[in-house]
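In what follows, a single structure is set out as structure tokens and then discussed.
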Number of protein chains: 4
Amino acid sequence: MARPKSADKQNAILDAATRLFAERGLTAAPTSEISKQAGVAEGTLFTYFKTKDDLINALYREIKLELADAMMSDFPRKKNVRTRLRHVWDRYVSWGSANPKQRKVLAQLQVSEVLTKESRDAGSAPFVEFQAMIRDAIEQRIFQNDLPVELISKSLTALVEATIDLTVSNPSKAKNYRDSGFQMFWSGVTK
Amino acid sequence: MARPKSADKQNAILDAATRLFAERGLTAAPTSEISKQAGVAEGTLFTYFKTKDDLINALYREIKLELADAMMSDFPRKKNVRTRLRHVWDRYVSWGSANPKQRKVLAQLQVSEVLTKESRDAGSAPFVEFQAMIRDAIEQRIFQNDLPVELISKSLTALVEATIDLTVSNPSKAKNYRDSGFQMFWSGVTK
Amino acid sequence: MARPKSADKQNAILDAATRLFAERGLTAAPTSEISKQAGVAEGTLFTYFKTKDDLINALYREIKLELADAMMSDFPRKKNVRTRLRHVWDRYVSWGSANPKQRKVLAQLQVSEVLTKESRDAGSAPFVEFQAMIRDAIEQRIFQNDLPVELISKSLTALVEATIDLTVSNPSKAKNYRDSGFQMFWSGVTK
Amino acid sequence: MARPKSADKQNAILDAATRLFAERGLTAAPTSEISKQAGVAEGTLFTYFKTKDDLINALYREIKLELADAMMSDFPRKKNVRTRLRHVWDRYVSWGSANPKQRKVLAQLQVSEVLTKESRDAGSAPFVEFQAMIRDAIEQRIFQNDLPVELISKSLTALVEATIDLTVSNPSKAKNYRDSGFQMFWSGVTK
DNA sequence: GATGAATGAGCCTTCATTCAT
DNA sequence: AATGAATGAAGGCTCATTCAT
């Protein structure tokens, strides 16, 4: 193995895929076009990803990791639940507003049939600390009684996504959406 | 006139499309398979829908109409806002839980590139009364001050969808999810 | 047989076919479009012509007949060979310039594979008198010795067609082309 | 570089296309059959020619070039007009008689709707020297006064084609047709 | 490892023709 | 006879993947 696989090329492929999947959709974006935009030969793509589905799964994991990083960096572990939740909320909204293509691809991926169970699991792995925070809050009896945990985290995601959608379509009200959204979530969920 | 176009055949095609799109995805479902499952010849599909994209757009409008019907039938126009919202909430959750395929297709459609603007408009048309209800509530100052309207309706949808997801994956807790979900929404949004 | 086949409809179909074949070509013009432009139902076309090839063959015969009529009407049977040839020449050029669509279709038909031998024979039948004129001229020793008859009539057609082509692309020189063309033919062919 | 595109395959495809277009017509000859007869996979045809129309246009240019080569090789540039014209005449007749398939395809191409303007221009480019010869003859006042130039070259082609047609259908009279044809042309056109 | 030509299965759509009304 | 919906074979083209170079 004279030349080792290049991380640059791998990233170029993932970037090109993100762009094309966002613009044309998962199936309408040909691997040949992805290669071209990545600046590699058609065949090269398949030395980095065995199949197109492989590429898609890898991209999913990559984006999820990126999102988790964005959410969890500088996480104020020592602060109270509200502060920590607010941190996560703000970071998520920022990432989503700043990365519309990644978000669009993620939306397509989540409803597609190509994600393997492994990928789904791998995708949620980086969010363990986030889940832990929710459990912690439950134990502290911060949330309303008998709100199912899974409903709380699912709702958080749902409301963040709604907030990002609005922010993207009307950026001038970004701050308003972010604050109102969180307020809605918080008062919906706490006693 | 010769044989008139048959509503039965049209419906059979839409049904088969729903099934296949849900199972395999929009692009992975061949029109030939749709025809076969609908019990018509391959060419017949194209006398009812000029192109596959046409079929997809028609299906979108049909499902949205069905959903609106489900939500708005027996709508208690005279009752107070909370009751009316709760009606809509319950009907939406029921429809979503009972029609997982339609819902899956809808999710794919919403992130796909094939919907025309006309279809999107036609799809939201049946929900005018729902929008009116929200405006009515605003005027009655039922919601928290300075919550943007668009955030309220968007959040409602987001939370219903979250609720349905959980219901589908754990039907035994259906009632709990439905009640908790609505409670979250209501307390998040009202003063 | 309540209603008899209508000559009007038959003609409407032949006319529409001429137009469409000229504009799009023999195979690119669908029978459905021909029917539509003829103002009849798709199926009706097939009660007048058993197959598309049938229609094409009929059209060939019709156009050839039309051309022969144009050439031979008012034919000056009693005049000398040159006058008679000039008559035919002028009539051919006029017909071709005035009927570009028919001419275009004829050109396509002659190189296509759909004409039956019967049609080709039927197509040349109306030109017997024209052939007779040539033979007559031969007997009168008007042409150069040992010019093959078949070359003479073939050349006449070839030169007329060349003349019409030029006339169509530059109508202002119509008279010039017609006179020069005939002069070329006549001096090429006579002693 | 990986496998380079093979001129052999390209030629095999053009040859197969010539054969099939001549036998069945431009539209009746499927690309799949062309590929098969060329000994390549169906998809391979499209790496050499982007579309079927592309292939057709390329074939047109190739045949025209071949014809020009045949006509102009050994062209006696220094000899008088009659000799040069006779050279071109003989070569054209020989090429046409020896290449009936190419000629048939050319005839179909010229009346078809698929040729681009670029192809038509490219097709006449190799005949510039031939056009120059005609202009030369005009300047030398070899032709009859007031015969339009365009009529002269068009007639030459028309008469050659007529001559070839007869030669093909009756090869035993080949020499007679060739001589008589040229004589007709020459005496038709000169003073 | 990198390249891009080669492959061939598969898909959407067209269209001549049939046939129920 | 007239209609136009129904049919299904056929065709051009795409594209993920392989493999010779």
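Letters A, B, ... mark the chains of the structure tokens in the order given; residue numbers begin at 1 per chain; ligand numbers begin at 1, in order shown.
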
Both chains have the same sequence, so match all Cα atoms in order, fit chain B onto chain A by least squares, and return it as a CSV table (one decimal) with C-alpha atoms, in the first residue's frame.
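Result saved to result_9.csv:
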```
chain,number,residue,atom,x,y,z
B,1,MET,CA,3.0,1.0,1.5
B,2,ALA,CA,1.9,2.7,-1.6
B,3,ARG,CA,-0.1,5.9,-1.6
B,4,PRO,CA,-2.2,5.9,1.6
B,5,LYS,CA,-5.8,6.7,1.5
B,6,SER,CA,-6.2,10.4,1.8
B,7,ALA,CA,-8.5,12.0,4.4
B,8,ASP,CA,-8.7,15.0,2.2
B,9,LYS,CA,-10.3,13.0,-0.6
B,10,GLN,CA,-12.7,11.3,1.8
B,11,ASN,CA,-13.8,14.7,3.0
B,12,ALA,CA,-14.1,16.1,-0.4
B,13,ILE,CA,-16.4,13.3,-1.3
B,14,LEU,CA,-18.5,13.7,1.8
B,15,ASP,CA,-18.8,17.4,1.2
B,16,ALA,CA,-19.8,17.0,-2.4
B,17,ALA,CA,-22.3,14.4,-1.4
B,18,THR,CA,-23.8,16.8,1.2
B,19,ARG,CA,-24.2,19.5,-1.4
B,20,LEU,CA,-25.7,17.3,-4.0
B,21,PHE,CA,-28.0,15.4,-1.7
B,22,ALA,CA,-29.3,18.7,-0.4
B,23,GLU,CA,-29.9,20.1,-3.8
B,24,ARG,CA,-31.2,17.1,-5.6
B,25,GLY,CA,-32.1,14.5,-3.1
B,26,LEU,CA,-30.5,11.2,-2.2
B,27,THR,CA,-31.4,9.2,-5.2
B,28,ALA,CA,-31.4,12.0,-7.8
B,29,ALA,CA,-27.7,12.8,-7.1
B,30,PRO,CA,-25.6,10.4,-9.2
B,31,THR,CA,-22.3,9.1,-7.7
B,32,SER,CA,-20.6,10.2,-10.9
B,33,GLU,CA,-21.6,13.8,-10.2
B,34,ILE,CA,-20.4,13.5,-6.6
B,35,SER,CA,-17.0,12.2,-7.8
B,36,LYS,CA,-16.7,15.0,-10.3
B,37,GLN,CA,-17.5,17.7,-7.7
B,38,ALA,CA,-15.2,16.1,-5.3
B,39,GLY,CA,-12.4,16.3,-7.9
B,40,VAL,CA,-11.8,12.5,-8.0
B,41,ALA,CA,-12.3,9.8,-10.6
B,42,GLU,CA,-15.6,8.0,-10.6
B,43,GLY,CA,-14.0,4.8,-9.4
B,44,THR,CA,-12.2,6.5,-6.6
B,45,LEU,CA,-15.4,7.1,-4.7
B,46,PHE,CA,-15.8,3.4,-4.4
B,47,THR,CA,-12.4,2.9,-2.9
B,48,TYR,CA,-13.5,5.2,-0.1
B,49,PHE,CA,-17.1,3.9,0.2
B,50,LYS,CA,-18.0,0.4,-1.0
B,51,THR,CA,-21.4,1.4,-2.3
B,52,LYS,CA,-23.5,4.5,-2.5
B,53,ASP,CA,-25.5,3.3,0.5
B,54,ASP,CA,-22.3,3.0,2.4
B,55,LEU,CA,-21.5,6.6,1.6
B,56,ILE,CA,-24.9,7.7,2.7
B,57,ASN,CA,-24.6,5.9,6.0
B,58,ALA,CA,-21.2,7.3,6.6
B,59,LEU,CA,-22.5,10.8,5.8
B,60,TYR,CA,-25.3,10.3,8.3
B,61,ARG,CA,-22.9,9.4,11.1
B,62,GLU,CA,-20.6,12.3,10.2
B,63,ILE,CA,-23.4,14.9,10.3
B,64,LYS,CA,-24.8,13.5,13.6
B,65,LEU,CA,-21.3,13.7,15.1
B,66,GLU,CA,-20.9,17.2,13.9
B,67,LEU,CA,-24.2,18.2,15.4
B,68,ALA,CA,-23.4,16.5,18.7
B,69,ASP,CA,-20.0,18.3,18.8
B,70,ALA,CA,-21.7,21.6,18.2
B,71,MET,CA,-24.2,21.0,20.9
B,72,MET,CA,-21.9,19.7,23.5
B,73,SER,CA,-18.8,21.8,23.2
B,74,ASP,CA,-18.3,24.1,26.2
B,75,PHE,CA,-21.2,22.3,27.8
B,76,PRO,CA,-21.7,23.9,31.3
B,77,ARG,CA,-21.7,20.7,33.2
B,78,LYS,CA,-21.7,22.3,36.6
B,79,LYS,CA,-24.5,24.7,36.0
B,80,ASN,CA,-28.2,24.0,36.7
B,81,VAL,CA,-30.6,22.2,34.4
B,82,ARG,CA,-32.2,25.3,32.8
B,83,THR,CA,-28.8,26.7,31.9
B,84,ARG,CA,-27.6,23.5,30.5
B,85,LEU,CA,-30.8,23.0,28.5
B,86,ARG,CA,-30.6,26.5,27.2
B,87,HIS,CA,-27.0,25.9,26.1
B,88,VAL,CA,-28.0,22.9,24.1
B,89,TRP,CA,-30.9,24.7,22.7
B,90,ASP,CA,-28.9,27.6,21.5
B,91,ARG,CA,-26.2,25.5,20.1
B,92,TYR,CA,-28.6,23.4,18.2
B,93,VAL,CA,-30.5,26.3,16.8
B,94,SER,CA,-27.2,28.0,15.7
B,95,TRP,CA,-25.9,24.8,14.1
B,96,GLY,CA,-29.1,24.3,12.2
B,97,SER,CA,-29.3,27.8,11.0
B,98,ALA,CA,-25.7,27.8,9.9
B,99,ASN,CA,-25.8,24.4,8.2
B,100,PRO,CA,-29.0,24.3,6.2
B,101,LYS,CA,-27.6,21.7,3.8
B,102,GLN,CA,-26.5,19.3,6.5
B,103,ARG,CA,-29.9,19.7,8.1
B,104,LYS,CA,-31.7,19.1,4.9
B,105,VAL,CA,-29.7,15.9,4.2
B,106,LEU,CA,-30.3,14.8,7.7
B,107,ALA,CA,-34.1,15.2,7.2
B,108,GLN,CA,-33.9,13.1,4.1
B,109,LEU,CA,-31.8,10.5,5.7
B,110,GLN,CA,-34.1,10.1,8.6
B,111,VAL,CA,-37.1,9.2,6.4
B,112,SER,CA,-35.1,7.1,4.0
B,113,GLU,CA,-34.8,3.3,3.9
B,114,VAL,CA,-31.1,3.1,3.5
B,115,LEU,CA,-29.9,3.8,7.1
B,116,THR,CA,-28.8,0.6,8.8
B,117,LYS,CA,-29.6,-0.1,12.4
B,118,GLU,CA,-25.9,0.2,13.2
B,119,SER,CA,-25.9,3.7,11.7
B,120,ARG,CA,-28.9,4.8,13.7
B,121,ASP,CA,-27.3,3.5,16.8
B,122,ALA,CA,-23.9,5.1,16.0
B,123,GLY,CA,-25.8,8.3,15.2
B,124,SER,CA,-27.4,8.6,18.7
B,125,ALA,CA,-24.3,7.5,20.6
B,126,PRO,CA,-22.8,10.9,20.8
B,127,PHE,CA,-25.9,12.2,22.5
B,128,VAL,CA,-25.6,10.1,25.6
B,129,GLU,CA,-24.6,13.1,27.7
B,130,PHE,CA,-27.6,14.9,26.5
B,131,GLN,CA,-29.8,12.0,27.5
B,132,ALA,CA,-28.1,11.9,30.9
B,133,MET,CA,-29.0,15.6,31.4
B,134,ILE,CA,-32.6,14.8,30.9
B,135,ARG,CA,-32.5,12.0,33.3
B,136,ASP,CA,-30.8,14.2,35.8
B,137,ALA,CA,-33.6,16.8,35.5
B,138,ILE,CA,-36.2,14.1,36.0
B,139,GLU,CA,-34.5,13.0,39.3
B,140,GLN,CA,-34.4,16.6,40.4
B,141,ARG,CA,-38.2,16.8,39.8
B,142,ILE,CA,-37.8,19.7,37.6
B,143,PHE,CA,-40.4,18.6,35.1
B,144,GLN,CA,-44.1,18.1,35.6
B,145,ASN,CA,-45.1,14.9,37.2
B,146,ASP,CA,-46.0,12.1,34.9
B,147,LEU,CA,-44.7,13.7,31.7
B,148,PRO,CA,-43.1,10.7,30.0
B,149,VAL,CA,-39.3,11.1,29.6
B,150,GLU,CA,-39.4,10.1,25.9
B,151,LEU,CA,-41.9,12.8,25.3
B,152,ILE,CA,-39.7,15.4,26.8
B,153,SER,CA,-36.6,14.8,24.7
B,154,LYS,CA,-38.7,14.1,21.6
B,155,SER,CA,-40.5,17.5,22.1
B,156,LEU,CA,-37.3,19.3,22.6
B,157,THR,CA,-36.0,18.1,19.2
B,158,ALA,CA,-39.3,18.8,17.6
B,159,LEU,CA,-39.4,22.4,18.9
B,160,VAL,CA,-35.8,23.1,18.1
B,161,GLU,CA,-36.5,22.0,14.5
B,162,ALA,CA,-39.6,24.2,14.3
B,163,THR,CA,-37.5,27.1,15.6
B,164,ILE,CA,-34.8,26.5,13.1
B,165,ASP,CA,-37.2,26.3,10.2
B,166,LEU,CA,-38.7,29.7,11.2
B,167,THR,CA,-35.2,31.2,11.7
B,168,VAL,CA,-34.1,30.0,8.3
B,169,SER,CA,-37.1,31.4,6.5
B,170,ASN,CA,-37.0,34.7,8.5
B,171,PRO,CA,-33.5,35.3,9.8
B,172,SER,CA,-34.2,38.8,11.0
B,173,LYS,CA,-36.4,37.4,13.8
B,174,ALA,CA,-33.8,34.8,14.8
B,175,LYS,CA,-33.3,36.0,18.4
B,176,ASN,CA,-37.1,36.3,18.9
B,177,TYR,CA,-37.7,32.7,17.7
B,178,ARG,CA,-34.9,31.3,19.7
B,179,ASP,CA,-36.0,32.9,22.9
B,180,SER,CA,-39.7,32.3,22.4
B,181,GLY,CA,-39.1,28.7,21.3
B,182,PHE,CA,-37.2,28.0,24.4
B,183,GLN,CA,-39.7,29.7,26.7
B,184,MET,CA,-42.4,27.6,25.2
B,185,PHE,CA,-40.5,24.5,25.7
B,186,TRP,CA,-39.5,25.4,29.3
B,187,SER,CA,-42.9,26.4,30.4
B,188,GLY,CA,-44.5,23.5,28.7
B,189,VAL,CA,-42.4,21.0,30.5
B,190,THR,CA,-41.7,22.4,34.0
B,191,LYS,CA,-44.2,22.7,36.8
```

Write down, as an mmCIF file with all heavy atoms, in the first residue's frame, each residue of chain F that has any atom within 10 Å of an atom of chain C, counting only C-alpha atoms (C1' of nucleotides).
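out_33.cif written:
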```
data_model
loop_
_atom_site.group_PDB
_atom_site.id
_atom_site.type_symbol
_atom_site.label_atom_id
_atom_site.label_comp_id
_atom_site.auth_asym_id
_atom_site.auth_seq_id
_atom_site.Cartn_x
_atom_site.Cartn_y
_atom_site.Cartn_z
ATOM 1 P P DA F 1 -67.872 1.042 -40.413
ATOM 2 O OP1 DA F 1 -68.795 0.267 -41.269
ATOM 3 O OP2 DA F 1 -66.592 1.526 -40.911
ATOM 4 O "O5'" DA F 1 -68.701 2.245 -39.828
ATOM 5 C "C5'" DA F 1 -69.402 3.191 -40.610
ATOM 6 C "C4'" DA F 1 -69.595 4.429 -39.768
ATOM 7 O "O4'" DA F 1 -70.296 4.066 -38.555
ATOM 8 C "C3'" DA F 1 -68.281 5.053 -39.317
ATOM 9 O "O3'" DA F 1 -68.437 6.456 -39.258
ATOM 10 C "C2'" DA F 1 -68.050 4.436 -37.940
ATOM 11 C "C1'" DA F 1 -69.475 4.307 -37.414
ATOM 12 N N9 DA F 1 -69.650 3.147 -36.536
ATOM 13 C C8 DA F 1 -69.393 1.840 -36.835
ATOM 14 N N7 DA F 1 -69.639 1.015 -35.853
ATOM 15 C C5 DA F 1 -70.098 1.825 -34.836
ATOM 16 C C6 DA F 1 -70.523 1.566 -33.524
ATOM 17 N N6 DA F 1 -70.563 0.347 -32.996
ATOM 18 N N1 DA F 1 -70.913 2.616 -32.771
ATOM 19 C C2 DA F 1 -70.880 3.838 -33.313
ATOM 20 N N3 DA F 1 -70.496 4.207 -34.537
ATOM 21 C C4 DA F 1 -70.107 3.148 -35.247
ATOM 22 P P DA F 2 -67.237 7.342 -38.655
ATOM 23 O OP1 DA F 2 -67.466 8.725 -39.111
ATOM 24 O OP2 DA F 2 -65.967 6.647 -38.936
ATOM 25 O "O5'" DA F 2 -67.485 7.303 -37.074
ATOM 26 C "C5'" DA F 2 -68.525 8.097 -36.531
ATOM 27 C "C4'" DA F 2 -68.277 8.306 -35.049
ATOM 28 O "O4'" DA F 2 -68.466 7.057 -34.366
ATOM 29 C "C3'" DA F 2 -66.862 8.778 -34.704
ATOM 30 O "O3'" DA F 2 -66.989 9.857 -33.794
ATOM 31 C "C2'" DA F 2 -66.200 7.557 -34.081
ATOM 32 C "C1'" DA F 2 -67.382 6.823 -33.485
ATOM 33 N N9 DA F 2 -67.231 5.367 -33.388
ATOM 34 C C8 DA F 2 -66.748 4.513 -34.349
ATOM 35 N N7 DA F 2 -66.759 3.245 -33.982
ATOM 36 C C5 DA F 2 -67.282 3.273 -32.687
ATOM 37 C C6 DA F 2 -67.556 2.253 -31.754
ATOM 38 N N6 DA F 2 -67.325 0.969 -31.981
ATOM 39 N N1 DA F 2 -68.066 2.633 -30.562
ATOM 40 C C2 DA F 2 -68.302 3.925 -30.337
ATOM 41 N N3 DA F 2 -68.092 4.972 -31.148
ATOM 42 C C4 DA F 2 -67.581 4.568 -32.317
ATOM 43 P P DT F 3 -65.694 10.663 -33.276
ATOM 44 O OP1 DT F 3 -66.074 12.067 -33.067
ATOM 45 O OP2 DT F 3 -64.562 10.290 -34.152
ATOM 46 O "O5'" DT F 3 -65.469 9.994 -31.867
ATOM 47 C "C5'" DT F 3 -66.478 10.092 -30.867
ATOM 48 C "C4'" DT F 3 -66.077 9.252 -29.686
ATOM 49 O "O4'" DT F 3 -66.070 7.869 -30.069
ATOM 50 C "C3'" DT F 3 -64.669 9.536 -29.170
ATOM 51 O "O3'" DT F 3 -64.769 10.211 -27.925
ATOM 52 C "C2'" DT F 3 -64.000 8.165 -29.060
ATOM 53 C "C1'" DT F 3 -65.166 7.206 -29.222
ATOM 54 N N1 DT F 3 -64.852 5.901 -29.859
ATOM 55 C C2 DT F 3 -65.062 4.751 -29.138
ATOM 56 O O2 DT F 3 -65.477 4.750 -27.996
ATOM 57 N N3 DT F 3 -64.763 3.582 -29.808
ATOM 58 C C4 DT F 3 -64.285 3.464 -31.093
ATOM 59 O O4 DT F 3 -64.065 2.366 -31.584
ATOM 60 C C5 DT F 3 -64.081 4.709 -31.793
ATOM 61 C C7 DT F 3 -63.568 4.684 -33.196
ATOM 62 C C6 DT F 3 -64.374 5.853 -31.161
ATOM 63 P P DG F 4 -63.651 11.297 -27.503
ATOM 64 O OP1 DG F 4 -64.315 12.388 -26.765
ATOM 65 O OP2 DG F 4 -62.773 11.599 -28.646
ATOM 66 O "O5'" DG F 4 -62.848 10.400 -26.484
ATOM 67 C "C5'" DG F 4 -63.556 9.700 -25.458
ATOM 68 C "C4'" DG F 4 -62.661 8.616 -24.883
ATOM 69 O "O4'" DG F 4 -62.597 7.495 -25.805
ATOM 70 C "C3'" DG F 4 -61.196 9.020 -24.670
ATOM 71 O "O3'" DG F 4 -60.686 8.263 -23.588
ATOM 72 C "C2'" DG F 4 -60.529 8.547 -25.945
ATOM 73 C "C1'" DG F 4 -61.238 7.210 -26.078
ATOM 74 N N9 DG F 4 -61.133 6.576 -27.374
ATOM 75 C C8 DG F 4 -60.795 7.142 -28.570
ATOM 76 N N7 DG F 4 -60.776 6.286 -29.556
ATOM 77 C C5 DG F 4 -61.129 5.069 -28.966
ATOM 78 C C6 DG F 4 -61.270 3.794 -29.524
ATOM 79 O O6 DG F 4 -61.112 3.450 -30.701
ATOM 80 N N1 DG F 4 -61.645 2.843 -28.579
ATOM 81 C C2 DG F 4 -61.847 3.127 -27.240
ATOM 82 N N2 DG F 4 -62.200 2.102 -26.473
ATOM 83 N N3 DG F 4 -61.724 4.317 -26.706
ATOM 84 C C4 DG F 4 -61.353 5.243 -27.627
#
```

Quick one, how far is C1' of DG4 (chain E) from C1' of DA20 (chain F)?
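Value for the C1' of DG4 (chain E)-C1' of DA20 (chain F) distance: 10.4 Å.
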
What are the DSSP alpha helix (DSSP H) residues of region 62-190 of chain A, as a ChimeraX atom specification?
/A:62-72,81-98,100-111,117-124,128-139,149-169,174-189

To one decimal place in Å, what is the distance between C1' of DA6 (chain F) and C1' of DG10 (chain E)?
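Answer for the C1' of DA6 (chain F) to C1' of DG10 (chain E) separation: 24.3 Å.
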
When you get a sec, could you note down which chain E residues fall within 9 Å of chain C, using only C-alpha atoms (C1' of nucleotides), as a tab-separated table (two decimals) with all heavy atoms, in the first residue's frame?
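As a result, iface_35.tsv now contains:
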```tsv
chain	number	residue	atom	x	y	z
E	15	DC	P	-44.80	9.35	-29.03
E	15	DC	OP1	-43.85	9.81	-30.05
E	15	DC	OP2	-45.81	10.26	-28.50
E	15	DC	O5'	-45.54	8.07	-29.61
E	15	DC	C5'	-44.77	6.87	-29.75
E	15	DC	C4'	-45.68	5.75	-30.16
E	15	DC	O4'	-46.07	5.00	-28.99
E	15	DC	C3'	-46.97	6.21	-30.84
E	15	DC	O3'	-47.17	5.41	-31.96
E	15	DC	C2'	-48.04	5.98	-29.77
E	15	DC	C1'	-47.47	4.79	-29.02
E	15	DC	N1	-47.92	4.69	-27.61
E	15	DC	C2	-47.97	3.43	-26.99
E	15	DC	O2	-47.62	2.45	-27.62
E	15	DC	N3	-48.39	3.36	-25.70
E	15	DC	C4	-48.75	4.46	-25.05
E	15	DC	N4	-49.15	4.35	-23.79
E	15	DC	C5	-48.71	5.75	-25.67
E	15	DC	C6	-48.29	5.81	-26.94
E	16	DA	P	-47.91	5.93	-33.24
E	16	DA	OP1	-46.90	6.49	-34.15
E	16	DA	OP2	-49.07	6.75	-32.84
E	16	DA	O5'	-48.43	4.56	-33.85
E	16	DA	C5'	-47.47	3.56	-34.14
E	16	DA	C4'	-48.08	2.19	-33.92
E	16	DA	O4'	-48.47	2.02	-32.55
E	16	DA	C3'	-49.33	1.91	-34.74
E	16	DA	O3'	-49.27	0.54	-35.14
E	16	DA	C2'	-50.47	2.19	-33.76
E	16	DA	C1'	-49.86	1.77	-32.43
E	16	DA	N9	-50.31	2.53	-31.26
E	16	DA	C8	-50.45	3.88	-31.16
E	16	DA	N7	-50.84	4.29	-29.97
E	16	DA	C5	-50.97	3.11	-29.24
E	16	DA	C6	-51.35	2.86	-27.91
E	16	DA	N6	-51.69	3.82	-27.03
E	16	DA	N1	-51.38	1.58	-27.49
E	16	DA	C2	-51.03	0.63	-28.36
E	16	DA	N3	-50.63	0.74	-29.64
E	16	DA	C4	-50.64	2.02	-30.03
E	17	DT	P	-50.35	0.01	-36.18
E	17	DT	OP1	-49.73	-1.09	-36.90
E	17	DT	OP2	-50.96	1.14	-36.91
E	17	DT	O5'	-51.45	-0.60	-35.21
E	17	DT	C5'	-51.03	-1.64	-34.32
E	17	DT	C4'	-52.12	-1.93	-33.32
E	17	DT	O4'	-52.24	-0.86	-32.36
E	17	DT	C3'	-53.53	-2.13	-33.88
E	17	DT	O3'	-53.90	-3.47	-33.57
E	17	DT	C2'	-54.39	-1.11	-33.15
E	17	DT	C1'	-53.57	-0.85	-31.90
E	17	DT	N1	-53.81	0.44	-31.21
E	17	DT	C2	-54.16	0.41	-29.89
E	17	DT	O2	-54.29	-0.62	-29.26
E	17	DT	N3	-54.37	1.64	-29.31
E	17	DT	C4	-54.25	2.87	-29.93
E	17	DT	O4	-54.46	3.91	-29.31
E	17	DT	C5	-53.88	2.84	-31.32
E	17	DT	C7	-53.72	4.11	-32.08
E	17	DT	C6	-53.68	1.64	-31.89
E	18	DT	P	-55.24	-4.11	-34.03
E	18	DT	OP1	-54.92	-5.45	-34.50
E	18	DT	OP2	-55.98	-3.15	-34.88
E	18	DT	O5'	-56.04	-4.25	-32.65
E	18	DT	C5'	-55.32	-4.72	-31.52
E	18	DT	C4'	-56.22	-4.70	-30.29
E	18	DT	O4'	-56.35	-3.36	-29.79
E	18	DT	C3'	-57.64	-5.20	-30.53
E	18	DT	O3'	-58.01	-5.95	-29.38
E	18	DT	C2'	-58.45	-3.91	-30.65
E	18	DT	C1'	-57.72	-3.02	-29.67
E	18	DT	N1	-57.80	-1.55	-29.87
E	18	DT	C2	-58.01	-0.75	-28.78
E	18	DT	O2	-58.17	-1.21	-27.66
E	18	DT	N3	-58.05	0.59	-29.04
E	18	DT	C4	-57.87	1.20	-30.27
E	18	DT	O4	-57.92	2.42	-30.37
E	18	DT	C5	-57.65	0.32	-31.38
E	18	DT	C7	-57.46	0.88	-32.75
E	18	DT	C6	-57.63	-1.01	-31.13
```

re C1' of DA5 (chain E) and C1' of DT17 (chain F): distance 12.5 Å
